[in-house]
>>> print(open('my_file-v9.pdb').read())   # PDB, C-alpha atoms
ATOM      1  CA  MET A 833     -67.008  -6.147   9.367  1.00  0.00           C
ATOM      2  CA  ASN A 834     -66.625  -3.539   6.624  1.00  0.00           C
ATOM      3  CA  LEU A 835     -64.939  -1.196   9.088  1.00  0.00           C
ATOM      4  CA  LEU A 836     -62.327  -3.818   9.957  1.00  0.00           C
ATOM      5  CA  ALA A 837     -61.647  -4.529   6.276  1.00  0.00           C
ATOM      6  CA  GLY A 838     -61.394  -0.819   5.549  1.00  0.00           C
ATOM      7  CA  VAL A 839     -58.967  -0.248   8.404  1.00  0.00           C
ATOM      8  CA  LEU A 840     -56.824  -3.187   7.292  1.00  0.00           C
ATOM      9  CA  ILE A 841     -56.705  -1.873   3.723  1.00  0.00           C
ATOM     10  CA  PHE A 842     -55.819   1.588   5.003  1.00  0.00           C
ATOM     11  CA  VAL A 843     -52.989   0.199   7.143  1.00  0.00           C
ATOM     12  CA  ALA A 844     -51.721  -1.917   4.221  1.00  0.00           C
ATOM     13  CA  CYS A 845     -51.668   1.130   1.949  1.00  0.00           C
ATOM     14  CA  VAL A 846     -49.797   3.227   4.527  1.00  0.00           C
ATOM     15  CA  TYR A 847     -47.303   0.416   5.064  1.00  0.00           C
ATOM     16  CA  SER A 848     -46.723  -0.034   1.314  1.00  0.00           C
ATOM     17  CA  GLY A 849     -46.169   3.714   0.864  1.00  0.00           C
ATOM     18  CA  LEU A 850     -43.602   3.724   3.656  1.00  0.00           C
ATOM     19  CA  GLY A 851     -41.996   0.627   2.149  1.00  0.00           C
ATOM     20  CA  ILE A 852     -41.550   2.306  -1.215  1.00  0.00           C
ATOM     21  CA  ASP A 853     -40.034   5.361   0.451  1.00  0.00           C
ATOM     22  CA  ASN A 854     -37.697   3.157   2.515  1.00  0.00           C
ATOM     23  CA  TYR A 855     -36.601   1.322  -0.639  1.00  0.00           C
ATOM     24  CA  TYR A 856     -35.388   4.561  -2.205  1.00  0.00           C
ATOM     25  CA  LYS A 857     -33.810   5.734   1.069  1.00  0.00           C
ATOM     26  CA  SER A 858     -31.789   2.527   1.380  1.00  0.00           C
ATOM     27  CA  LYS A 859     -30.762   2.768  -2.271  1.00  0.00           C
ATOM     28  CA  VAL A 860     -29.411   6.287  -1.735  1.00  0.00           C
ATOM     29  CA  THR A 861     -27.677   5.164   1.457  1.00  0.00           C
ATOM     30  CA  ALA A 862     -25.999   2.239  -0.315  1.00  0.00           C
ATOM     31  CA  LEU A 863     -24.740   4.490  -3.101  1.00  0.00           C
ATOM     32  CA  LYS A 864     -23.403   7.021  -0.588  1.00  0.00           C
ATOM     33  CA  GLU A 865     -21.634   4.176   1.222  1.00  0.00           C
ATOM     34  CA  PHE A 866     -20.109   3.198  -2.111  1.00  0.00           C
ATOM     35  CA  LEU A 867     -18.827   6.755  -2.545  1.00  0.00           C
ATOM     36  CA  SER A 868     -17.274   6.492   0.893  1.00  0.00           C
ATOM     37  CA  PHE A 869     -15.688   3.190  -0.140  1.00  0.00           C
ATOM     38  CA  ILE A 870     -14.287   4.830  -3.292  1.00  0.00           C
ATOM     39  CA  ASN A 871     -12.684   7.616  -1.240  1.00  0.00           C
ATOM     40  CA  PHE A 872     -11.279   5.067   1.198  1.00  0.00           C
ATOM     41  CA  THR A 873      -9.899   3.048  -1.724  1.00  0.00           C
ATOM     42  CA  LEU A 874      -8.179   6.097  -3.179  1.00  0.00           C
ATOM     43  CA  SER A 875      -6.372   6.893   0.051  1.00  0.00           C
ATOM     44  CA  GLU A 876      -5.432   3.288   0.786  1.00  0.00           C
ATOM     45  CA  ILE A 877      -4.157   2.490  -2.704  1.00  0.00           C
ATOM     46  CA  SER A 878      -2.322   5.779  -3.094  1.00  0.00           C
ATOM     47  CA  PHE A 879      -0.392   5.620   0.134  1.00  0.00           C
ATOM     48  CA  LEU A 880      -0.290   2.022   1.312  1.00  0.00           C
ATOM     49  CA  LYS A 881      -0.579   0.067  -1.969  1.00  0.00           C
ATOM     50  CA  THR A 882      -3.094  -2.294  -0.322  1.00  0.00           C
ATOM     51  CA  ASN A 883      -4.624  -5.034  -2.476  1.00  0.00           C
ATOM     52  CA  ILE A 884      -8.392  -4.999  -2.958  1.00  0.00           C
ATOM     53  CA  LEU A 885      -9.341  -7.949  -0.729  1.00  0.00           C
ATOM     54  CA  GLU A 886      -7.349  -6.613   2.219  1.00  0.00           C
ATOM     55  CA  LEU A 887      -8.781  -3.178   1.524  1.00  0.00           C
ATOM     56  CA  ILE A 888     -12.363  -4.516   1.655  1.00  0.00           C
ATOM     57  CA  LYS A 889     -11.703  -6.314   4.937  1.00  0.00           C
ATOM     58  CA  LYS A 890     -10.119  -3.195   6.423  1.00  0.00           C
ATOM     59  CA  TYR A 891     -13.046  -1.051   5.252  1.00  0.00           C
ATOM     60  CA  ASP A 892     -15.483  -3.497   6.837  1.00  0.00           C
ATOM     61  CA  ARG A 893     -13.584  -3.354  10.123  1.00  0.00           C
ATOM     62  CA  LEU A 894     -13.428   0.455  10.168  1.00  0.00           C
ATOM     63  CA  TYR A 895     -16.801   1.334   8.604  1.00  0.00           C
ATOM     64  CA  PRO A 896     -19.225  -1.590   8.980  1.00  0.00           C
ATOM     65  CA  SER A 897     -22.291  -1.243   6.776  1.00  0.00           C
ATOM     66  CA  LYS A 898     -24.552  -3.329   4.550  1.00  0.00           C
ATOM     67  CA  LEU A 899     -22.304  -2.595   1.605  1.00  0.00           C
ATOM     68  CA  SER A 900     -19.122  -3.612   3.421  1.00  0.00           C
ATOM     69  CA  LYS A 901     -20.747  -6.835   4.645  1.00  0.00           C
ATOM     70  CA  ALA A 902     -21.722  -7.663   1.064  1.00  0.00           C
ATOM     71  CA  LEU A 903     -18.253  -6.841  -0.268  1.00  0.00           C
ATOM     72  CA  VAL A 904     -16.543  -9.033   2.333  1.00  0.00           C
ATOM     73  CA  THR A 905     -18.281 -12.072   0.831  1.00  0.00           C
ATOM     74  CA  ILE A 906     -16.359 -11.581  -2.422  1.00  0.00           C
ATOM     75  CA  GLU A 907     -13.642 -14.197  -2.678  1.00  0.00           C
ATOM     76  CA  ASN A 908     -12.418 -13.565  -6.222  1.00  0.00           C
ATOM     77  CA  PRO A 909     -12.907  -9.949  -7.345  1.00  0.00           C
ATOM     78  CA  VAL A 910     -12.040 -10.723 -10.967  1.00  0.00           C
ATOM     79  CA  ALA A 911     -14.689 -13.426 -11.476  1.00  0.00           C
ATOM     80  CA  VAL A 912     -17.530 -12.216  -9.259  1.00  0.00           C
ATOM     81  CA  GLU A 913     -20.989 -11.713 -10.780  1.00  0.00           C
ATOM     82  CA  ALA A 914     -23.646  -9.178  -9.785  1.00  0.00           C
ATOM     83  CA  GLU A 915     -26.043 -11.923  -8.668  1.00  0.00           C
ATOM     84  CA  GLU A 916     -23.546 -13.127  -6.065  1.00  0.00           C
ATOM     85  CA  VAL A 917     -23.467  -9.814  -4.171  1.00  0.00           C
ATOM     86  CA  ASN A 918     -26.472  -9.325  -1.918  1.00  0.00           C
ATOM     87  CA  ILE A 919     -27.370  -5.669  -1.500  1.00  0.00           C
ATOM     88  CA  TYR A 920     -31.136  -5.825  -1.566  1.00  0.00           C
ATOM     89  CA  SER A 921     -31.875  -2.241  -2.515  1.00  0.00           C
ATOM     90  CA  LEU A 922     -29.562  -2.035  -5.532  1.00  0.00           C
ATOM     91  CA  ASN A 923     -30.534  -3.265  -8.964  1.00  0.00           C
ATOM     92  CA  GLU A 924     -28.264  -5.274 -11.272  1.00  0.00           C
ATOM     93  CA  ARG A 925     -26.916  -2.150 -13.004  1.00  0.00           C
ATOM     94  CA  GLU A 926     -25.813  -0.585  -9.740  1.00  0.00           C
ATOM     95  CA  LYS A 927     -24.362  -3.852  -8.423  1.00  0.00           C
ATOM     96  CA  SER A 928     -22.400  -4.326 -11.631  1.00  0.00           C
ATOM     97  CA  LEU A 929     -21.130  -0.749 -11.289  1.00  0.00           C
ATOM     98  CA  ILE A 930     -19.672  -1.630  -7.888  1.00  0.00           C
ATOM     99  CA  LEU A 931     -18.221  -4.898  -9.131  1.00  0.00           C
ATOM    100  CA  CYS A 932     -16.691  -3.274 -12.222  1.00  0.00           C
ATOM    101  CA  PHE A 933     -14.970  -0.783  -9.938  1.00  0.00           C
ATOM    102  CA  ILE A 934     -13.500  -3.574  -7.829  1.00  0.00           C
ATOM    103  CA  ARG A 935     -12.535  -5.623 -10.889  1.00  0.00           C
ATOM    104  CA  ASP A 936     -10.857  -2.684 -12.606  1.00  0.00           C
ATOM    105  CA  ILE A 937      -8.957  -1.597  -9.487  1.00  0.00           C
ATOM    106  CA  THR A 938      -7.343  -5.034  -9.348  1.00  0.00           C
ATOM    107  CA  ARG A 939      -6.225  -4.746 -12.973  1.00  0.00           C
ATOM    108  CA  LEU A 940      -4.892  -1.186 -13.027  1.00  0.00           C
ATOM    109  CA  ASN A 941      -1.389  -0.131 -12.144  1.00  0.00           C
ATOM    110  CA  THR A 942      -0.759   2.467  -9.458  1.00  0.00           C
ATOM    111  CA  ALA A 943      -0.410   5.337 -11.910  1.00  0.00           C
ATOM    112  CA  GLY A 944      -3.893   4.797 -13.352  1.00  0.00           C
ATOM    113  CA  HIS A 945      -5.708   4.452 -10.048  1.00  0.00           C
ATOM    114  CA  LYS A 946      -6.187   8.123  -9.216  1.00  0.00           C
ATOM    115  CA  ALA A 947      -7.633   9.149 -12.593  1.00  0.00           C
ATOM    116  CA  TYR A 948      -9.837   6.069 -12.732  1.00  0.00           C
ATOM    117  CA  ILE A 949     -11.161   6.579  -9.214  1.00  0.00           C
ATOM    118  CA  GLU A 950     -11.900  10.265  -9.821  1.00  0.00           C
ATOM    119  CA  ASP A 951     -13.798   9.360 -12.998  1.00  0.00           C
ATOM    120  CA  TYR A 952     -15.717   6.685 -11.132  1.00  0.00           C
ATOM    121  CA  LYS A 953     -16.630   9.126  -8.370  1.00  0.00           C
ATOM    122  CA  HIS A 954     -18.249  11.365 -10.990  1.00  0.00           C
ATOM    123  CA  LYS A 955     -20.237   8.406 -12.365  1.00  0.00           C
ATOM    124  CA  VAL A 956     -21.450   7.357  -8.945  1.00  0.00           C
ATOM    125  CA  ASN A 957     -22.294  10.958  -7.988  1.00  0.00           C
ATOM    126  CA  LYS A 958     -24.411  11.232 -11.123  1.00  0.00           C
ATOM    127  CA  ILE A 959     -26.240   7.977 -10.391  1.00  0.00           C
ATOM    128  CA  THR A 960     -26.689   8.961  -6.738  1.00  0.00           C
ATOM    129  CA  SER A 961     -28.254  12.276  -7.716  1.00  0.00           C
ATOM    130  CA  GLU A 962     -30.613  10.465 -10.123  1.00  0.00           C
ATOM    131  CA  VAL A 963     -31.679   8.045  -7.401  1.00  0.00           C
ATOM    132  CA  GLN A 964     -32.063  10.952  -4.955  1.00  0.00           C
ATOM    133  CA  LYS A 965     -34.402  12.658  -7.439  1.00  0.00           C
ATOM    134  CA  GLN A 966     -36.377   9.409  -7.763  1.00  0.00           C
ATOM    135  CA  ARG A 967     -36.611   9.205  -3.994  1.00  0.00           C
ATOM    136  CA  ASP A 968     -37.761  12.804  -3.766  1.00  0.00           C
ATOM    137  CA  THR A 969     -40.475  12.239  -6.357  1.00  0.00           C
ATOM    138  CA  LYS A 970     -41.545   8.588  -6.227  1.00  0.00           C
ATOM    139  CA  GLY A 971     -40.718   7.840  -2.598  1.00  0.00           C
ATOM    140  CA  ASN A 972     -42.308  10.945  -1.135  1.00  0.00           C
ATOM    141  CA  LEU A 973     -45.242  10.672  -3.511  1.00  0.00           C
ATOM    142  CA  ALA A 974     -45.889   7.069  -2.474  1.00  0.00           C
ATOM    143  CA  LYS A 975     -45.541   7.983   1.193  1.00  0.00           C
ATOM    144  CA  LYS A 976     -48.100  10.788   0.817  1.00  0.00           C
ATOM    145  CA  LEU A 977     -50.563   9.248  -1.626  1.00  0.00           C
ATOM    146  CA  ALA A 978     -50.748   5.700  -0.269  1.00  0.00           C
ATOM    147  CA  PRO A 979     -52.672   6.763   2.865  1.00  0.00           C
ATOM    148  CA  LEU A 980     -55.061   8.746   0.673  1.00  0.00           C
ATOM    149  CA  LEU A 981     -55.590   5.708  -1.526  1.00  0.00           C
ATOM    150  CA  GLY A 982     -56.258   3.578   1.550  1.00  0.00           C
ATOM    151  CA  LEU A 983     -58.659   6.160   2.901  1.00  0.00           C
ATOM    152  CA  GLY A 984     -60.477   6.289  -0.450  1.00  0.00           C
ATOM    153  CA  ILE A 985     -60.834   2.514  -0.556  1.00  0.00           C
ATOM    154  CA  MET A 986     -61.993   2.516   3.061  1.00  0.00           C
ATOM    155  CA  ILE A 987     -64.702   5.078   2.239  1.00  0.00           C
ATOM    156  CA  VAL A 988     -65.849   3.066  -0.780  1.00  0.00           C
ATOM    157  CA  ILE A 989     -66.052  -0.148   1.251  1.00  0.00           C
ATOM    158  CA  MET A 990     -68.140   1.483   3.958  1.00  0.00           C
TER     159      MET A 990
END
>>> encode(input="my_file-v9.pdb", output="structure tokens")
Amino acid sequence: MNLLAGVLIFVACVYSGLGIDNYYKSKVTALKEFLSFINFTLSEISFLKTNILELIKKYDRLYPSKLSKALVTIENPVAVEAEEVNIYSLNEREKSLILCFIRDITRLNTAGHKAYIEDYKHKVNKITSEVQKQRDTKGNLAKKLAPLLGLGIMIVIM
């Protein structure tokens, strides 16, 4: 009976370590998708003068992802709140960063778009590198230490 409990605890620890690592991986992926969306926005607004809702729909058609599916649900970009957008791996700060970008793009004139988008790319790159560092430390650490923790508990139980 103790062996079964120990094995179950070991498996739960391994699974939780992989879950923590996956959380950080999906966070980095979502932020990289947002960078791709920013680049797409720059080219579309610069050349075609597309409005933001059409731009989001076009991005979702061309590059379907979790981020694009969440952005398509936005009906009013000016009044949307961070709680309304469902990207499970991003926290409120990161969601509000995305929504502020969309809100500000709708308010700016064409001349201000390029400078604003370039500035925003630097912000998102900085946040992405911070999250990548967290993934490299916390995610990999959890993935490596969780099995050891499970093994330790399994040894203590037996």
>>> closest_residue(input="my_file-v9.pdb", among="A:Ser897, A:Asn957, A:Asn854, A:Asn883", to="Lys970 in chain A", atoms="only C-alpha atoms")
A:Asn854
>>> atom_distance(input="my_file-v9.pdb", atom1="CA of Thr861 in chain A", atom2="CA of Gly971 in chain A")
13.9 Å
>>> residues_around(input="my_file-v9.pdb", residues="range 926-933 of chain A", least_positions_apart="2", cutoff="12 Å", atoms="only C-alpha atoms", output="PyMOL selection string")
chain A and resi 859-860+862-867+869-870+873-874+884+899-900+902-903+906+908-924+935-940+945+948-953+955-956+958-960+963
>>> resolve_selection(input="my_file-v9.pdb", expression="the PyMOL selection byres ((chain A and resi 853) around 9)", output="PyMOL selection string")
chain A and resi 848-852+854-858+967-968+970-975
>>> atom_distance(input="my_file-v9.pdb", atom1="CA of Lys976 in chain A", atom2="CA of Val839 in chain A")
17.2 Å
